[in-house]
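Below is one structure, written out as structure tokens; the observations come after it.
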Amino acid sequence: MSTLKESFTSKLGTDARQDGNQYPASVTVFHVPRERFIEAARAMKTSDARLVAEWATDETLFGRGFDILACFAKGPEYLIVKTEAPVEDPAFPTLTKKFVAAYRFERQIRSLMGVIPAGHPDPRHWIKHEDWPEDAWPLRKSFDPSKPIPRVNGEYNFIKAEGEGVYEIPVGPVHAGIIEPGHFRFQAVGEDILNLEEKLGYVHKGIEKRFEALSWTEGVKLSGRVSGDTTVAHALAYCRAIEAMTGCNPPDRALWLRALMLERERIANHLGDIGAICNDAAFAFLLYQLSRLREVILRTNDRLFGHRFMMDRVIPGGVANDITPDGVKEILSELDSLSGEFERLIVIYDENPSLEDRVRDTGILTPGDAKELGVVGFVARASSQSLDCRILSPFPPYDRIIPRMAVLQTGDVHARAWVRIEEVRESIRIIREMLNTLPEGKISVRFDPPPADRAGFAVVEGWRGEIVYWVQSGPRGEINRCMVRDPSSVNWLAVEQAIHGNIVPDFPLCNKSFNQSYSGHDL
Amino acid sequence: MLRILHQIFRTGIVTEPLPKEVEAEIGIVGARLEEAIIKRFRRSLTIRMVDAGSCNGCELEIHALNNPIYNCERFGIHFTASPRFADMLLVTGPVSRNMEIALRRTYNATPPPKLVVAVGDCGCNGGIFDENYASLGGIGKIIPVDATIPGCPPKPVDLLKGILRVIGR
Ligand code: SF4
């Protein structure tokens with residue numbers, strides 16, 4: 001089978017020009033003329049690639065126009081296609097006819113960068129709410145982020161279902177529980193959901209723009225706050241991207257400690273969410289039990305790393321905290337008791353018929369839809385997609401300490417919960433292995449900022465799934481653009497699909513089984 | 001079912017005593033607190049949590065207040081789904097522009113006397129997000145704030161201390 005790169009060059013011929021300013025070199029970047037952008041996407045579609053992300057950059061500081069970039073992946077291979085649009089004609093042909101995931105990426109490009117996806121079927125803005133002025137394009141260099149933008153009158157048109165007995169239920173942005181804000185619009189007949197439409201963007205904080213005002217070392221703090229529940233994985237993805245562009249190689253011990261923290265973050269979130277799913281299925285017992293286990297992990301984090309979520313512990317060039325031999329022992333014995341208690345609780349989960357009744361066949365995301373939407377992480381693995389960056393694109397220590405991938409076919413609430421149960425087990429196993437092979441030595445090296453006009457790319461498998469960073473330096477070596485793609489940016493699409501045919505009262509349970517990040521999506 | 005009972009039995013009561021300094025603080029605040037709760041909150045303090053733009057880190061720690069280790073219900077602290085029943089709003093995040101209106105509405109829907117507590121560095125002053133076109137800064141920029149609980153995020157113990165501090169005075 002040919003690689004994406006081979007099929008790309010064979011289809012696009014001499015029109016595909018390879019870009020040498022992007023790192024790591026394993027990720028190929030091709031320039032194509034604007035009129036061949038769709039053809040490039042078609043070549044990727046026929047090669048069975050998924051659309052990972054699509055974004056735009058303002059290149060005016062270099063005396064150029066806008067760049068539009070689309071990142072594709074298949075198995076371990078990532079390939080970026082790039083095209084240009086002049087300032088006077090900021091437009092590019094839409095990829096929505098080939099890739100569903102392009103829908104929101106491109107609405108966002110239009111809303112925040114003011115570059116038009118020509119032919120896009122949905123003219124509504126995304127993230128940019130209806131009360132923003134049309135010409136407020138915060139990601140453009142000409143935009144002054146310090147000035148407040150005025151509110152204008154506007155309306156957001158939700159998709160309407162018509163017919164006898166069809167009614168609409170608006171929910172949010174402020175929800176009933178202790179969760180993030182977002183709006184859901186249901187069209188329903190009786191209890192049956194005909195359609196769900198999400199409207200997000202409520203916690204848009206201007207994160208991508210904010211990166212551009214920070215230094216490279218300050219940037220990692222911000223990346224650690226894109227989605228607080230995934231602080232380690234985001235900081236790691238940011239660091240790996242900027243380390244790739246500068247050739248910075250953190251010492252082995254730092255790589256091991258980073259992976260240790262990444263797996264601890266996975267365990268803590270999985271424990272909390274499995275419990276929360278059970279609670280939404282009216283089985284509070286497991287919520288209390290599992291949240292107790294989660295709390296134990298967080299307290300150990302606090303003692304050993306100085307922060308319950310290990311925020312700001314991954315830094316460019318390595319990690320901020322070392323761990324003592326006593327710390328290693330403490331984690332190993334904690335894992336022993338955790339593993340014992342966890343297994344006892346999982347037997348209870350597995351043998352409880354009332355729970356089973358709620359979680360099986362509820363909120364099904366079919367493998368076909370999962371593939372079509374390009375979802376990632378445990379959501380993908382619960383619907384038959386074998387995707388896990390730790391296994392497909394490993395960096396040390398994952399190249400030698402290899403997790404087993406848990407893949408299920410049913411795509412229901414149970415599958416999403418069960419994949420995470422298996423992953424807790426695997427994380428416990430590989431943490432033990434990491435601690436048993438922990439290299440000696442330094443925990444960080446110096447990080448020197450990159451030269452001008454370079455780009456770095458990285459993917460990291462956080463607990464929710466593949467996190468992508470693409471970072472570019474400007475003419476003075478500053479951050480010109482930092483593109484963040486949380487798993488939620490694609491996985492939110494799947495919630496809308498999975499809810500079809502379910503009843504309104506099951507929505508909280510379905511939604512919980514996805515548990516996507518609002519902040520990571522809205523940026 | 002037997003397994004569940006067995007697990008409950010094995011786990012016992014895990015609500016742990018708070019660290020010494022917090023216990024001392026509760027001791028001091030306790031008397032005034034009880035008086036205040038009886039007089040002002042009829043023995044139960046009802047809190048509505050509002051995320052006005054946070055990164056969700058603060059929410060995780062507020063959630064933790066309900067886990068069996070902190071078990072805030074034993075202090076009479078109860079989280080409600082509606083601002084209409086709330087004595088206190090616990091607000092996180094820098095206020096995002098897209099949440100400003102919803103935050104004002106929630107505030108207006110809360111009956112007086114309403115206490116507003118800004119949670120986290122972001123809630124206090126906007127934190128790392130600072131102020132820009134999309135982040136409007138701390139909660140106090142938008143609605144009146146009675147107290148702040150700094151930290152990124154504040155630990156559950158800090159949250160408890162902070163809440164007890166506000167209602168005890
Ligand atoms: S204070 Fe910290 S944890 Fe809380 S919302 Fe702000 S960045 Fe997130």
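Just remember, in the structure tokens the first chain shown is A, the second B, etc., residues are 1-based per chain, and ligands are 1-based in the order shown.
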
Give one line per residue of chain A that approaches ligand 1 to at most 8 Å, naming the two atoms of the closest pair and their distance in Å to one decimal, counting only C-alpha atoms and all ligand atoms; sort by chain then ascending residue number and deliver it as a tab-separated table.
```
residue	atom	partner	partner_atom_place_in_ligand_line	distance
A:Arg225	CA	ligand 1	7 (S)	5.1
A:Ser227	CA	ligand 1	8 (Fe)	7.6
A:Gly228	CA	ligand 1	8 (Fe)	5.6
```

Can you write out as a tab-separated table which residues of chain B fall within 9 Å of chain A, alongside each residue's closest atom pair and its distance in Å to one decimal, counting only C-alpha atoms and ordering rows by chain and ascending residue number?
```
residue	atom	partner	partner_atom	distance
B:Met1	CA	A:Asn352	CA	8.3
B:Arg3	CA	A:Ile348	CA	6.8
B:Ile4	CA	A:Ile348	CA	6.9
B:Gln7	CA	A:Arg344	CA	8.0
B:Ile8	CA	A:Gln289	CA	8.8
B:Thr11	CA	A:Gln289	CA	8.5
B:Val14	CA	A:Arg292	CA	8.4
B:Arg48	CA	A:Ile178	CA	8.5
B:Met49	CA	A:Ile178	CA	6.1
B:Val50	CA	A:Val174	CA	7.1
B:Asp51	CA	A:Glu180	CA	5.8
B:Ala52	CA	A:Val203	CA	7.1
B:Gly53	CA	A:Val203	CA	4.3
B:Ser54	CA	A:Val203	CA	6.9
B:Cys55	CA	A:Ser227	CA	4.9
B:Asn56	CA	A:Gly228	CA	5.2
B:Gly57	CA	A:Gly228	CA	4.1
B:Cys58	CA	A:Gly228	CA	7.8
B:Glu59	CA	A:Ile178	CA	6.5
B:Leu60	CA	A:Asp229	CA	7.5
B:Ile62	CA	A:Ile178	CA	7.7
B:His63	CA	A:Ile178	CA	6.7
B:Ala64	CA	A:Glu295	CA	7.6
B:Asn66	CA	A:Tyr288	CA	8.7
B:Asn67	CA	A:Ser291	CA	5.9
B:Pro68	CA	A:Tyr288	CA	6.2
B:Ile69	CA	A:Arg292	CA	6.7
B:Phe79	CA	A:Gly177	CA	8.3
B:Thr80	CA	A:Ala176	CA	7.7
B:Ala81	CA	A:Ala176	CA	4.3
B:Ser82	CA	A:Ala176	CA	6.8
B:Gly93	CA	A:Val203	CA	8.8
B:Pro94	CA	A:Lys205	CA	8.0
B:Val95	CA	A:Val203	CA	8.3
B:Ser96	CA	A:Val203	CA	5.7
B:Arg97	CA	A:His204	CA	7.8
B:Asn98	CA	A:Tyr202	CA	4.7
B:Met99	CA	A:Tyr202	CA	5.5
B:Ala102	CA	A:Val174	CA	7.2
B:Leu103	CA	A:Val174	CA	8.5
B:Thr106	CA	A:Val174	CA	8.4
B:Ile128	CA	A:Leu222	CA	6.7
B:Phe129	CA	A:Lys205	CA	7.0
B:Asp130	CA	A:Arg210	CA	8.6
B:Glu131	CA	A:Ser146	CA	7.0
B:Asn132	CA	A:Ser146	CA	4.8
B:Tyr133	CA	A:Pro148	CA	4.8
B:Ala134	CA	A:Lys205	CA	5.0
B:Ser135	CA	A:Lys205	CA	5.0
B:Leu136	CA	A:Pro148	CA	8.3
B:Cys152	CA	A:Met311	CA	8.7
B:Pro153	CA	A:Gly228	CA	8.8
B:Lys155	CA	A:Arg308	CA	8.0
```

Using only C-alpha atoms, determine which residues lie at most 9 Å from B:Ile163, disregarding the query and same-chain residues fewer than 3 positions distant; provide the list as a PyMOL selection string.
-> chain B and resi 117+147+149+158-160+166-168

Pick out the closest residue to A:Met113 from this set: A:Lys141, A:Lys329, A:Lys98, A:Arg404. Count only C-alpha atoms.
-> A:Lys141

All residues 7 Å or closer to B:Leu45, only C-alpha atoms, same chain fewer than 5 positions away omitted, as a PyMOL selection string = chain B and resi 37+76-78+87

Keeping N, CA, C and O atoms, export the residues of the selection given above as a PDB file, in the first residue's frame.
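Full text of part23.pdb as output:
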```
ATOM      1  N   ILE B  37     -25.855  30.575  59.547  1.00  0.00           N
ATOM      2  CA  ILE B  37     -26.611  29.642  58.704  1.00  0.00           C
ATOM      3  C   ILE B  37     -28.049  29.510  59.199  1.00  0.00           C
ATOM      4  O   ILE B  37     -28.985  29.505  58.408  1.00  0.00           O
ATOM      5  N   GLY B  76     -23.624  21.320  55.499  1.00  0.00           N
ATOM      6  CA  GLY B  76     -24.849  22.018  55.118  1.00  0.00           C
ATOM      7  C   GLY B  76     -24.722  22.708  53.775  1.00  0.00           C
ATOM      8  O   GLY B  76     -25.528  23.553  53.417  1.00  0.00           O
ATOM      9  N   ILE B  77     -23.674  22.342  53.008  1.00  0.00           N
ATOM     10  CA  ILE B  77     -23.491  22.964  51.697  1.00  0.00           C
ATOM     11  C   ILE B  77     -24.121  22.084  50.632  1.00  0.00           C
ATOM     12  O   ILE B  77     -23.826  20.897  50.530  1.00  0.00           O
ATOM     13  N   HIS B  78     -24.964  22.697  49.833  1.00  0.00           N
ATOM     14  CA  HIS B  78     -25.730  21.928  48.875  1.00  0.00           C
ATOM     15  C   HIS B  78     -25.706  22.653  47.529  1.00  0.00           C
ATOM     16  O   HIS B  78     -25.894  23.859  47.473  1.00  0.00           O
ATOM     17  N   ASP B  87     -28.457  30.666  47.536  1.00  0.00           N
ATOM     18  CA  ASP B  87     -28.018  31.711  48.454  1.00  0.00           C
ATOM     19  C   ASP B  87     -26.711  32.311  47.950  1.00  0.00           C
ATOM     20  O   ASP B  87     -26.380  33.449  48.237  1.00  0.00           O
TER      21      ASP B  87
END
```

Close residues, A:Glu88 itself excluded, 12 Å, only C-alpha atoms, min 6 positions apart in chain, as a list in words = Thr60, Arg64, Gly65, Phe66, Gly114, Val115 and Ile116 of chain A

Go ahead and save the residues from that selection, with N, CA and C atoms, as a PDB file, in the first residue's frame.
```
ATOM      1  N   THR A  60       0.780  38.165   6.781  1.00  0.00           N
ATOM      2  CA  THR A  60       1.082  39.523   6.311  1.00  0.00           C
ATOM      3  C   THR A  60       2.375  40.083   6.907  1.00  0.00           C
ATOM      4  N   ARG A  64       3.215  38.279   2.952  1.00  0.00           N
ATOM      5  CA  ARG A  64       2.409  37.365   2.154  1.00  0.00           C
ATOM      6  C   ARG A  64       0.937  37.534   2.541  1.00  0.00           C
ATOM      7  N   GLY A  65       0.064  36.692   1.978  1.00  0.00           N
ATOM      8  CA  GLY A  65      -1.361  36.782   2.296  1.00  0.00           C
ATOM      9  C   GLY A  65      -1.742  35.834   3.412  1.00  0.00           C
ATOM     10  N   PHE A  66      -2.760  35.015   3.164  1.00  0.00           N
ATOM     11  CA  PHE A  66      -3.180  34.009   4.129  1.00  0.00           C
ATOM     12  C   PHE A  66      -2.746  32.631   3.648  1.00  0.00           C
ATOM     13  N   GLY A 114     -11.528  35.447   8.873  1.00  0.00           N
ATOM     14  CA  GLY A 114     -12.100  36.195   7.751  1.00  0.00           C
ATOM     15  C   GLY A 114     -11.630  35.679   6.412  1.00  0.00           C
ATOM     16  N   VAL A 115     -11.342  34.398   6.318  1.00  0.00           N
ATOM     17  CA  VAL A 115     -10.994  33.786   5.035  1.00  0.00           C
ATOM     18  C   VAL A 115     -12.172  32.877   4.661  1.00  0.00           C
ATOM     19  N   ILE A 116     -12.705  33.085   3.460  1.00  0.00           N
ATOM     20  CA  ILE A 116     -13.987  32.475   3.101  1.00  0.00           C
ATOM     21  C   ILE A 116     -13.826  31.089   2.476  1.00  0.00           C
TER      22      ILE A 116
END
```

Would you give me, as JSON, numbers by chain, the residues in stretch 287-324 of chain A that DSSP reads as alpha helix (DSSP H)?
-> {"A": [287, 288, 289, 290, 291, 292, 293, 294, 295, 296, 297, 298, 299, 300, 301, 302, 303, 304, 305]}

Selected residues, N, CA, C and O atoms, written as a PDB file, in the first residue's frame, please.
```pdb
ATOM      1  N   LEU A 287     -20.151   6.127  41.519  1.00  0.00           N
ATOM      2  CA  LEU A 287     -19.610   7.483  41.456  1.00  0.00           C
ATOM      3  C   LEU A 287     -18.808   7.775  42.720  1.00  0.00           C
ATOM      4  O   LEU A 287     -17.672   8.247  42.658  1.00  0.00           O
ATOM      5  N   TYR A 288     -19.401   7.474  43.862  1.00  0.00           N
ATOM      6  CA  TYR A 288     -18.703   7.782  45.110  1.00  0.00           C
ATOM      7  C   TYR A 288     -17.440   6.950  45.263  1.00  0.00           C
ATOM      8  O   TYR A 288     -16.396   7.448  45.659  1.00  0.00           O
ATOM      9  N   GLN A 289     -17.543   5.684  44.921  1.00  0.00           N
ATOM     10  CA  GLN A 289     -16.375   4.817  45.050  1.00  0.00           C
ATOM     11  C   GLN A 289     -15.250   5.268  44.115  1.00  0.00           C
ATOM     12  O   GLN A 289     -14.090   5.388  44.520  1.00  0.00           O
ATOM     13  N   LEU A 290     -15.597   5.523  42.861  1.00  0.00           N
ATOM     14  CA  LEU A 290     -14.551   5.862  41.899  1.00  0.00           C
ATOM     15  C   LEU A 290     -14.002   7.271  42.132  1.00  0.00           C
ATOM     16  O   LEU A 290     -12.815   7.526  41.916  1.00  0.00           O
ATOM     17  N   SER A 291     -14.861   8.179  42.602  1.00  0.00           N
ATOM     18  CA  SER A 291     -14.333   9.521  42.853  1.00  0.00           C
ATOM     19  C   SER A 291     -13.409   9.512  44.069  1.00  0.00           C
ATOM     20  O   SER A 291     -12.512  10.338  44.184  1.00  0.00           O
ATOM     21  N   ARG A 292     -13.625   8.552  44.943  1.00  0.00           N
ATOM     22  CA  ARG A 292     -12.699   8.391  46.065  1.00  0.00           C
ATOM     23  C   ARG A 292     -11.329   7.939  45.541  1.00  0.00           C
ATOM     24  O   ARG A 292     -10.292   8.474  45.921  1.00  0.00           O
ATOM     25  N   LEU A 293     -11.325   6.988  44.611  1.00  0.00           N
ATOM     26  CA  LEU A 293     -10.053   6.523  44.045  1.00  0.00           C
ATOM     27  C   LEU A 293      -9.359   7.659  43.291  1.00  0.00           C
ATOM     28  O   LEU A 293      -8.149   7.833  43.350  1.00  0.00           O
ATOM     29  N   ARG A 294     -10.171   8.431  42.569  1.00  0.00           N
ATOM     30  CA  ARG A 294      -9.614   9.561  41.826  1.00  0.00           C
ATOM     31  C   ARG A 294      -8.938  10.539  42.784  1.00  0.00           C
ATOM     32  O   ARG A 294      -7.837  11.032  42.540  1.00  0.00           O
ATOM     33  N   GLU A 295      -9.612  10.810  43.895  1.00  0.00           N
ATOM     34  CA  GLU A 295      -9.084  11.756  44.868  1.00  0.00           C
ATOM     35  C   GLU A 295      -7.736  11.280  45.421  1.00  0.00           C
ATOM     36  O   GLU A 295      -6.824  12.083  45.629  1.00  0.00           O
ATOM     37  N   VAL A 296      -7.612   9.983  45.607  1.00  0.00           N
ATOM     38  CA  VAL A 296      -6.347   9.447  46.115  1.00  0.00           C
ATOM     39  C   VAL A 296      -5.212   9.756  45.133  1.00  0.00           C
ATOM     40  O   VAL A 296      -4.126  10.196  45.516  1.00  0.00           O
ATOM     41  N   ILE A 297      -5.484   9.554  43.840  1.00  0.00           N
ATOM     42  CA  ILE A 297      -4.481   9.842  42.809  1.00  0.00           C
ATOM     43  C   ILE A 297      -4.091  11.330  42.847  1.00  0.00           C
ATOM     44  O   ILE A 297      -2.915  11.692  42.799  1.00  0.00           O
ATOM     45  N   LEU A 298      -5.095  12.192  42.939  1.00  0.00           N
ATOM     46  CA  LEU A 298      -4.821  13.630  42.917  1.00  0.00           C
ATOM     47  C   LEU A 298      -3.989  14.050  44.123  1.00  0.00           C
ATOM     48  O   LEU A 298      -3.108  14.905  44.019  1.00  0.00           O
ATOM     49  N   ARG A 299      -4.271  13.444  45.253  1.00  0.00           N
ATOM     50  CA  ARG A 299      -3.504  13.809  46.455  1.00  0.00           C
ATOM     51  C   ARG A 299      -2.057  13.356  46.334  1.00  0.00           C
ATOM     52  O   ARG A 299      -1.142  14.054  46.778  1.00  0.00           O
ATOM     53  N   THR A 300      -1.856  12.196  45.746  1.00  0.00           N
ATOM     54  CA  THR A 300      -0.480  11.750  45.525  1.00  0.00           C
ATOM     55  C   THR A 300       0.214  12.705  44.550  1.00  0.00           C
ATOM     56  O   THR A 300       1.371  13.060  44.733  1.00  0.00           O
ATOM     57  N   ASN A 301      -0.500  13.104  43.510  1.00  0.00           N
ATOM     58  CA  ASN A 301       0.073  14.085  42.578  1.00  0.00           C
ATOM     59  C   ASN A 301       0.544  15.320  43.327  1.00  0.00           C
ATOM     60  O   ASN A 301       1.628  15.839  43.094  1.00  0.00           O
ATOM     61  N   ASP A 302      -0.305  15.789  44.215  1.00  0.00           N
ATOM     62  CA  ASP A 302       0.000  17.010  44.944  1.00  0.00           C
ATOM     63  C   ASP A 302       1.267  16.827  45.774  1.00  0.00           C
ATOM     64  O   ASP A 302       2.147  17.687  45.786  1.00  0.00           O
ATOM     65  N   ARG A 303       1.349  15.692  46.435  1.00  0.00           N
ATOM     66  CA  ARG A 303       2.530  15.432  47.273  1.00  0.00           C
ATOM     67  C   ARG A 303       3.799  15.295  46.449  1.00  0.00           C
ATOM     68  O   ARG A 303       4.827  15.854  46.771  1.00  0.00           O
ATOM     69  N   LEU A 304       3.708  14.559  45.331  1.00  0.00           N
ATOM     70  CA  LEU A 304       4.927  14.243  44.585  1.00  0.00           C
ATOM     71  C   LEU A 304       5.289  15.298  43.544  1.00  0.00           C
ATOM     72  O   LEU A 304       6.450  15.517  43.245  1.00  0.00           O
ATOM     73  N   PHE A 305       4.290  15.936  42.966  1.00  0.00           N
ATOM     74  CA  PHE A 305       4.580  16.894  41.898  1.00  0.00           C
ATOM     75  C   PHE A 305       4.238  18.323  42.289  1.00  0.00           C
ATOM     76  O   PHE A 305       4.478  19.252  41.542  1.00  0.00           O
TER      77      PHE A 305
END
```

Using only C-alpha atoms, determine which residues lie at most 8 Å from A:Leu355, disregarding the query and same-chain residues fewer than 5 positions distant; provide the list as a ChimeraX atom specification.
-> /A:278,281-283,349

Save the residues we just selected, N, CA and C atoms, as a short mmCIF file (atom, residue, chain, number, x, y, z; two decimals), in the first residue's frame?
```
data_model
loop_
_atom_site.label_atom_id
_atom_site.label_comp_id
_atom_site.auth_asym_id
_atom_site.auth_seq_id
_atom_site.Cartn_x
_atom_site.Cartn_y
_atom_site.Cartn_z
N CYS A 278 -21.91 6.19 35.50
CA CYS A 278 -22.76 5.33 36.35
C CYS A 278 -23.78 6.17 37.09
N ALA A 281 -26.60 7.04 35.12
CA ALA A 281 -27.45 5.88 34.90
C ALA A 281 -28.08 5.46 36.23
N ALA A 282 -28.15 6.42 37.16
CA ALA A 282 -28.80 6.21 38.45
C ALA A 282 -28.12 5.15 39.31
N PHE A 283 -26.81 5.09 39.25
CA PHE A 283 -26.08 4.16 40.10
C PHE A 283 -24.98 4.94 40.81
N TYR A 349 -19.82 -3.15 38.44
CA TYR A 349 -20.33 -2.50 37.23
C TYR A 349 -20.85 -3.56 36.27
#
```

Tell me, as a ChimeraX atom specification, which residues lie within 8 Å of stretch 480-494 of chain A, counting only C-alpha atoms; anything in the same chain fewer than 6 positions away does not count.
-> /A:53,55,57,101,208-209,211-212,365,369-370,373-377,379,464-474,514,516-518,520-521

Between atom CA of B:Val91 and atom CA of A:Trp126, what is the spacing in Å?
->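 Distance between the two atoms: 25.3 Å.
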